[in-house]
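**Q** One structure coming up, written as structure tokens, with questions to follow.
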Amino acid sequence: MALSSGFAGAKLESFFLGNATAAAATPPSTSPHFQPPPQRRIFQTPPQRPNANVRCCSLDQNSSPNASTLSALQQLKTSSADRYTKEKSSIIVIGLSIHTTPVEIREKLAIPEAEWPRAIKELCALNHIEEAAVLCTCNRMEIYVVALSQHRGVKEVTEWMSKTGGISVSEISHHRFLLYNKDATRHLFQVSAGLESLVLGEGQILAQVKQVAKVSQGVAGFGRNISGLFKHAIMVGKRVRTETKIAEGAVSVSSAAVELALMKLPQSAHSTARVLLIGAGKMGKLVVKHLISKGCSKIVVVNRSVEKVDALREEFKDIEMIYKPVEDMMACAGEADVIFTSTSSETPLFLKQDVMGLPPVGDDVGGKRLFIDISVPRNVGSCVNDDVENTRAYNVDDLKEVVAANREDRLRKAMEAQGIIDEELNVFEAWRDSLETVPTIRKLRAYAERIRSSDLDKCLQKMGDNVNNNTKKAVEALSRGIVNKLLHGPLQHLRYDGTDDRTLDETLENMHALNRMFSLETEISVLEEKIRAKVEQQK
């Protein structure tokens, strides 16, 4: 494949050309992240180490790139080969969670589900990002990427977050957490298992991880590494819940919201408090479910359409459910003691001036109207708690109170879950390590197929034109069978999944031996292949 003429003019120009006037120039000493590469030839004998048999090769002689592109590529090989080709790309998670970041920042950086494919494409258009995925819930905003360079990848993603969310890089850097490779994988496994949730073991997060895989499937940029990571995380989440029973009891943000409301109400008002639910989506449905489990028999639901409320009525027939349109929201709030808000509105539904005009509630419910806001962005403004008598508003950050009671039992189950995660982490790392031998497997098969096909043609020509089709098919089948049997042994020694006694180093030694014996030329620069992929994306 020839490199396009737009190569030097694309956004990769800064990455490839850098200082185009001096291929071997020493980088500025003021940069703490860049060390000048040693002087070396482009063609050289690779070090005799299993993990470093990578060298840079010239472009295909049939290619016809323009002069500036070729020069830029050769510069890049000369100056940066070691940095990008000795090790595989890194899996990185750049995250903001309820544990590290206030809701005011998370809500600005939140990416709606419908925008995930666009976000993946934009992230993968960054110079050092190969693959990406977005996990965004009410408690976390996490971006998973496969990056050519850890430092530059984090820098580019952070700048992208700053641009899309309107928050300074310094502010994001202050609150974010960064995890790399095995730590990043472990983190997603823990998230999927519910170990990183506000309520340990909550089941909703597993459904959200599944949704990431579902929405991202087929999107350019949700590649083999990231998709494999999320698929494995889903399996880990299921296994943890099945084997540890960590999901038993109150296991979702919605159930924690209901428990918080009950904690703030007098015991005598648990069955008599007037309840209003604003929003009949997934979270609202879970609120209804948990209210019923706590003995609630009547609820008013405000929603934009009656269809979702009718669906809730059909599913929950043991509770009286009264539908009200959005226009009646304030009037309904004035008649409620406890108000749950769960909508996708990007602006607050209740501000200080709205709440101040509501009639007071009775002493039988504690004398305070409760707003339980489980939405991100928030549906109830922070100003509601400022000098508004007889009103108290809670958001997702306040649900921490709820998880205190049965913490000990859940922590014990979480320790069991960690053992499962350790096992699955080793399996995933073995799978990812095995990907390093895939190019050799493909090239060995292609090499054998070329020989088989060529010799088969010679054989059929010698047999003449009188040979019938059945005989030709039999000869071809024979040739394929012989090749497959001959390849079986070598290919088995190239596959590494951690289930046998063979180590990864032994597998890589086998790979290098086959490369040398059959001249498979798999040493072609990994960086060059990635450059070509980047250019192809921009065509």
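Letters A, B, ... mark the chains of the structure tokens in the order given; residue numbers begin at 1 per chain; ligand numbers begin at 1, in order shown.
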Enumerate the residues of range 246-395 of chain A with a DSSP assignment of strand (DSSP E or B), computed from the backbone, and present them as a JSON list (two decimals) with N, CA, C and O atoms, in the first residue's frame.

**A**
[["chain", "number", "residue", "atom", "x", "y", "z"],
["A", 275, "VAL", "N", -44.74, 10.28, 47.80],
["A", 275, "VAL", "CA", -43.54, 10.10, 46.97],
["A", 275, "VAL", "C", -43.81, 10.57, 45.55],
["A", 275, "VAL", "O", -44.83, 10.24, 44.95],
["A", 276, "LEU", "N", -42.86, 11.36, 45.02],
["A", 276, "LEU", "CA", -42.91, 11.82, 43.63],
["A", 276, "LEU", "C", -41.66, 11.35, 42.92],
["A", 276, "LEU", "O", -40.55, 11.50, 43.43],
["A", 277, "LEU", "N", -41.84, 10.75, 41.75],
["A", 277, "LEU", "CA", -40.72, 10.33, 40.91],
["A", 277, "LEU", "C", -40.76, 11.14, 39.61],
["A", 277, "LEU", "O", -41.77, 11.15, 38.92],
["A", 278, "ILE", "N", -39.65, 11.80, 39.30],
["A", 278, "ILE", "CA", -39.55, 12.57, 38.05],
["A", 278, "ILE", "C", -38.60, 11.84, 37.12],
["A", 278, "ILE", "O", -37.39, 11.76, 37.38],
["A", 298, "LYS", "N", -48.10, 3.80, 46.86],
["A", 298, "LYS", "CA", -48.60, 4.82, 45.95],
["A", 298, "LYS", "C", -47.48, 5.76, 45.56],
["A", 298, "LYS", "O", -46.67, 6.17, 46.40],
["A", 299, "ILE", "N", -47.45, 6.12, 44.28],
["A", 299, "ILE", "CA", -46.40, 7.01, 43.78],
["A", 299, "ILE", "C", -46.93, 7.83, 42.62],
["A", 299, "ILE", "O", -47.71, 7.34, 41.80],
["A", 300, "VAL", "N", -46.52, 9.09, 42.57],
["A", 300, "VAL", "CA", -46.84, 9.97, 41.45],
["A", 300, "VAL", "C", -45.61, 10.03, 40.55],
["A", 300, "VAL", "O", -44.49, 10.23, 41.03],
["A", 301, "VAL", "N", -45.82, 9.84, 39.23],
["A", 301, "VAL", "CA", -44.70, 9.84, 38.29],
["A", 301, "VAL", "C", -44.90, 10.95, 37.27],
["A", 301, "VAL", "O", -45.92, 11.01, 36.58],
["A", 302, "VAL", "N", -43.91, 11.84, 37.20],
["A", 302, "VAL", "CA", -43.91, 12.91, 36.19],
["A", 302, "VAL", "C", -42.96, 12.49, 35.07],
["A", 302, "VAL", "O", -41.80, 12.14, 35.32],
["A", 320, "GLU", "N", -50.03, 1.70, 43.28],
["A", 320, "GLU", "CA", -50.85, 2.70, 42.58],
["A", 320, "GLU", "C", -49.92, 3.75, 41.98],
["A", 320, "GLU", "O", -49.17, 4.41, 42.70],
["A", 321, "MET", "N", -49.98, 3.90, 40.67],
["A", 321, "MET", "CA", -49.07, 4.80, 39.96],
["A", 321, "MET", "C", -49.89, 5.85, 39.21],
["A", 321, "MET", "O", -50.70, 5.53, 38.36],
["A", 322, "ILE", "N", -49.66, 7.12, 39.56],
["A", 322, "ILE", "CA", -50.42, 8.23, 38.97],
["A", 322, "ILE", "C", -49.51, 9.01, 38.03],
["A", 322, "ILE", "O", -48.44, 9.49, 38.43],
["A", 323, "TYR", "N", -49.92, 9.13, 36.78],
["A", 323, "TYR", "CA", -49.13, 9.86, 35.79],
["A", 323, "TYR", "C", -49.48, 11.34, 35.79],
["A", 323, "TYR", "O", -50.65, 11.73, 35.84],
["A", 324, "LYS", "N", -48.42, 12.17, 35.70],
["A", 324, "LYS", "CA", -48.61, 13.61, 35.55],
["A", 324, "LYS", "C", -47.64, 14.12, 34.46],
["A", 324, "LYS", "O", -46.49, 13.68, 34.40],
["A", 338, "VAL", "N", -41.24, 13.40, 49.53],
["A", 338, "VAL", "CA", -39.96, 12.88, 49.02],
["A", 338, "VAL", "C", -40.01, 12.92, 47.50],
["A", 338, "VAL", "O", -40.95, 12.41, 46.89],
["A", 339, "ILE", "N", -38.98, 13.53, 46.91],
["A", 339, "ILE", "CA", -38.94, 13.69, 45.45],
["A", 339, "ILE", "C", -37.67, 13.04, 44.92],
["A", 339, "ILE", "O", -36.55, 13.45, 45.28],
["A", 340, "PHE", "N", -37.83, 12.02, 44.08],
["A", 340, "PHE", "CA", -36.70, 11.39, 43.39],
["A", 340, "PHE", "C", -36.62, 11.96, 41.97],
["A", 340, "PHE", "O", -37.63, 11.98, 41.26],
["A", 341, "THR", "N", -35.44, 12.41, 41.58],
["A", 341, "THR", "CA", -35.27, 12.93, 40.21],
["A", 341, "THR", "C", -34.29, 12.05, 39.46],
["A", 341, "THR", "O", -33.20, 11.74, 39.95],
["A", 350, "PHE", "N", -34.86, 21.97, 39.31],
["A", 350, "PHE", "CA", -35.23, 22.71, 40.51],
["A", 350, "PHE", "C", -34.07, 23.60, 40.93],
["A", 350, "PHE", "O", -32.94, 23.13, 41.13],
["A", 369, "ARG", "N", -38.76, 18.67, 53.31],
["A", 369, "ARG", "CA", -39.00, 18.02, 52.02],
["A", 369, "ARG", "C", -37.66, 17.51, 51.50],
["A", 369, "ARG", "O", -36.67, 18.22, 51.46],
["A", 370, "LEU", "N", -37.63, 16.24, 51.07],
["A", 370, "LEU", "CA", -36.39, 15.60, 50.63],
["A", 370, "LEU", "C", -36.32, 15.52, 49.11],
["A", 370, "LEU", "O", -37.26, 15.03, 48.47],
["A", 371, "PHE", "N", -35.23, 15.99, 48.55],
["A", 371, "PHE", "CA", -34.93, 15.80, 47.13],
["A", 371, "PHE", "C", -33.79, 14.78, 47.03],
["A", 371, "PHE", "O", -32.70, 15.03, 47.55],
["A", 372, "ILE", "N", -34.04, 13.65, 46.39],
["A", 372, "ILE", "CA", -32.99, 12.64, 46.17],
["A", 372, "ILE", "C", -32.69, 12.64, 44.68],
["A", 372, "ILE", "O", -33.46, 12.12, 43.87],
["A", 373, "ASP", "N", -31.58, 13.24, 44.31],
["A", 373, "ASP", "CA", -31.23, 13.44, 42.90],
["A", 373, "ASP", "C", -30.17, 12.42, 42.49],
["A", 373, "ASP", "O", -29.03, 12.46, 42.95],
["A", 380, "VAL", "N", -31.23, 18.74, 40.40],
["A", 380, "VAL", "CA", -31.50, 19.69, 41.49],
["A", 380, "VAL", "C", -30.24, 20.52, 41.72],
["A", 380, "VAL", "O", -29.17, 19.98, 42.02],
["A", 391, "THR", "N", -36.07, 22.16, 53.65],
["A", 391, "THR", "CA", -35.74, 21.42, 52.42],
["A", 391, "THR", "C", -34.33, 20.86, 52.54],
["A", 391, "THR", "O", -33.43, 21.52, 53.07],
["A", 392, "ARG", "N", -34.16, 19.64, 52.07],
["A", 392, "ARG", "CA", -32.82, 19.04, 52.03],
["A", 392, "ARG", "C", -32.66, 18.28, 50.73],
["A", 392, "ARG", "O", -33.50, 17.47, 50.37],
["A", 393, "ALA", "N", -31.59, 18.58, 50.01],
["A", 393, "ALA", "CA", -31.33, 17.93, 48.72],
["A", 393, "ALA", "C", -30.09, 17.05, 48.81],
["A", 393, "ALA", "O", -29.08, 17.43, 49.42],
["A", 394, "TYR", "N", -30.17, 15.86, 48.23],
["A", 394, "TYR", "CA", -29.05, 14.91, 48.20],
["A", 394, "TYR", "C", -28.77, 14.52, 46.75],
["A", 394, "TYR", "O", -29.70, 14.39, 45.95]]

**Q** Could you list, as a list in words, every residue within 10 Å of Pro377 in chain A, counting only C-alpha atoms and ignoring same-chain residues fewer than 5 positions away?

**A** Val103, Glu104, Ile105, Arg106, Glu107, Lys108, Leu109, Ala110, Cys138, Ser342, Thr343, Ser344, Ser345, Glu346, Thr347 and Pro348 of chain A

**Q** So the first atom is CA of Thr100 in chain A and the second is CA of Leu200 in chain A; what is the distance between them in Å, to one decimal place?

**A**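 Between CA of Thr100 in chain A and CA of Leu200 in chain A the gap works out to 17.0 Å.
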
**Q** May I ask for the distance between CA of Leu148 in chain A and CA of Glu131 in chain A, given in Å to one decimal place?

**A**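 According to the coordinates, CA of Leu148 in chain A and CA of Glu131 in chain A are separated by 10.0 Å.
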
**Q** Tell me which protein, DNA and RNA residues are within 8 Å of range 408-417 of chain A, counting only C-alpha atoms, leaving out same-chain ones fewer than 3 positions away, and put them as a ChimeraX atom specification.

**A** /A:193,195,200-201,240,244-246,420-421

**Q** If you run DSSP over the backbone, which residues in range 103-166 of chain A end up helix (DSSP H, G or I)? Put them as a CSV table (one decimal) with C-alpha atoms, in the first residue's frame.

**A**
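part_31.csv, written as the output of this step:
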chain,number,residue,atom,x,y,z
A,103,VAL,CA,-20.1,15.9,40.6
A,104,GLU,CA,-19.7,19.5,39.3
A,105,ILE,CA,-16.7,18.4,37.2
A,106,ARG,CA,-18.0,14.9,36.3
A,107,GLU,CA,-21.3,16.3,34.9
A,108,LYS,CA,-19.4,18.6,32.5
A,109,LEU,CA,-17.2,15.8,31.2
A,113,GLU,CA,-24.4,7.1,25.2
A,114,ALA,CA,-25.4,8.3,21.7
A,115,GLU,CA,-22.1,10.2,21.5
A,116,TRP,CA,-19.8,7.3,22.4
A,117,PRO,CA,-19.1,6.3,18.8
A,118,ARG,CA,-18.2,9.9,17.9
A,119,ALA,CA,-15.9,10.1,20.9
A,120,ILE,CA,-14.1,6.9,20.0
A,121,LYS,CA,-13.5,8.1,16.4
A,122,GLU,CA,-12.2,11.5,17.7
A,123,LEU,CA,-9.9,9.8,20.3
A,124,CYS,CA,-8.5,7.4,17.7
A,150,GLN,CA,2.0,6.4,27.5
A,151,HIS,CA,3.1,10.0,28.2
A,152,ARG,CA,1.9,11.4,24.8
A,153,GLY,CA,-1.3,9.3,24.9
A,154,VAL,CA,-2.3,10.6,28.3
A,155,LYS,CA,-1.5,14.2,27.3
A,156,GLU,CA,-3.5,14.0,24.1
A,157,VAL,CA,-6.6,12.4,25.8
A,158,THR,CA,-6.5,14.9,28.6
A,159,GLU,CA,-6.4,17.8,26.2
A,160,TRP,CA,-9.3,16.3,24.3
A,161,MET,CA,-11.3,16.0,27.5
A,162,SER,CA,-10.5,19.6,28.3
A,163,LYS,CA,-11.7,20.7,24.9
A,164,THR,CA,-14.9,18.7,24.9
A,165,GLY,CA,-15.8,19.4,28.6

**Q** In Å, rounded to a single decimal, give me how far CA of Phe518 in chain A is from CA of Lys473 in chain A.

**A**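 CA of Phe518 in chain A lies 28.1 Å from CA of Lys473 in chain A.
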
**Q** Calculated over only C-alpha atoms, which of the candidates A:His290, A:His174, A:His99, A:Lys317 has the smallest distance to Leu399 in chain A?

**A** A:His99

**Q** Under the rule that only C-alpha atoms are counted, which of A:Val145, A:Leu349, A:Ile172, A:Val326 is the nearest residue to Ala132 in chain A?

**A**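 For Ala132 in chain A, the nearest of the candidates is A:Val145.
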
**Q** Which neighbours of Met283 in chain A fall inside 9 Å, counting only C-alpha atoms, when residues of the same chain fewer than 3 positions from it are skipped, and could you give them as a list in words?

**A**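 Counting only the stated atoms, we get Val253, Ser254, Gly279, Ala280, Leu286, Val287, Val288, Ser342, Thr343, Ile374 and Ser375 of chain A.
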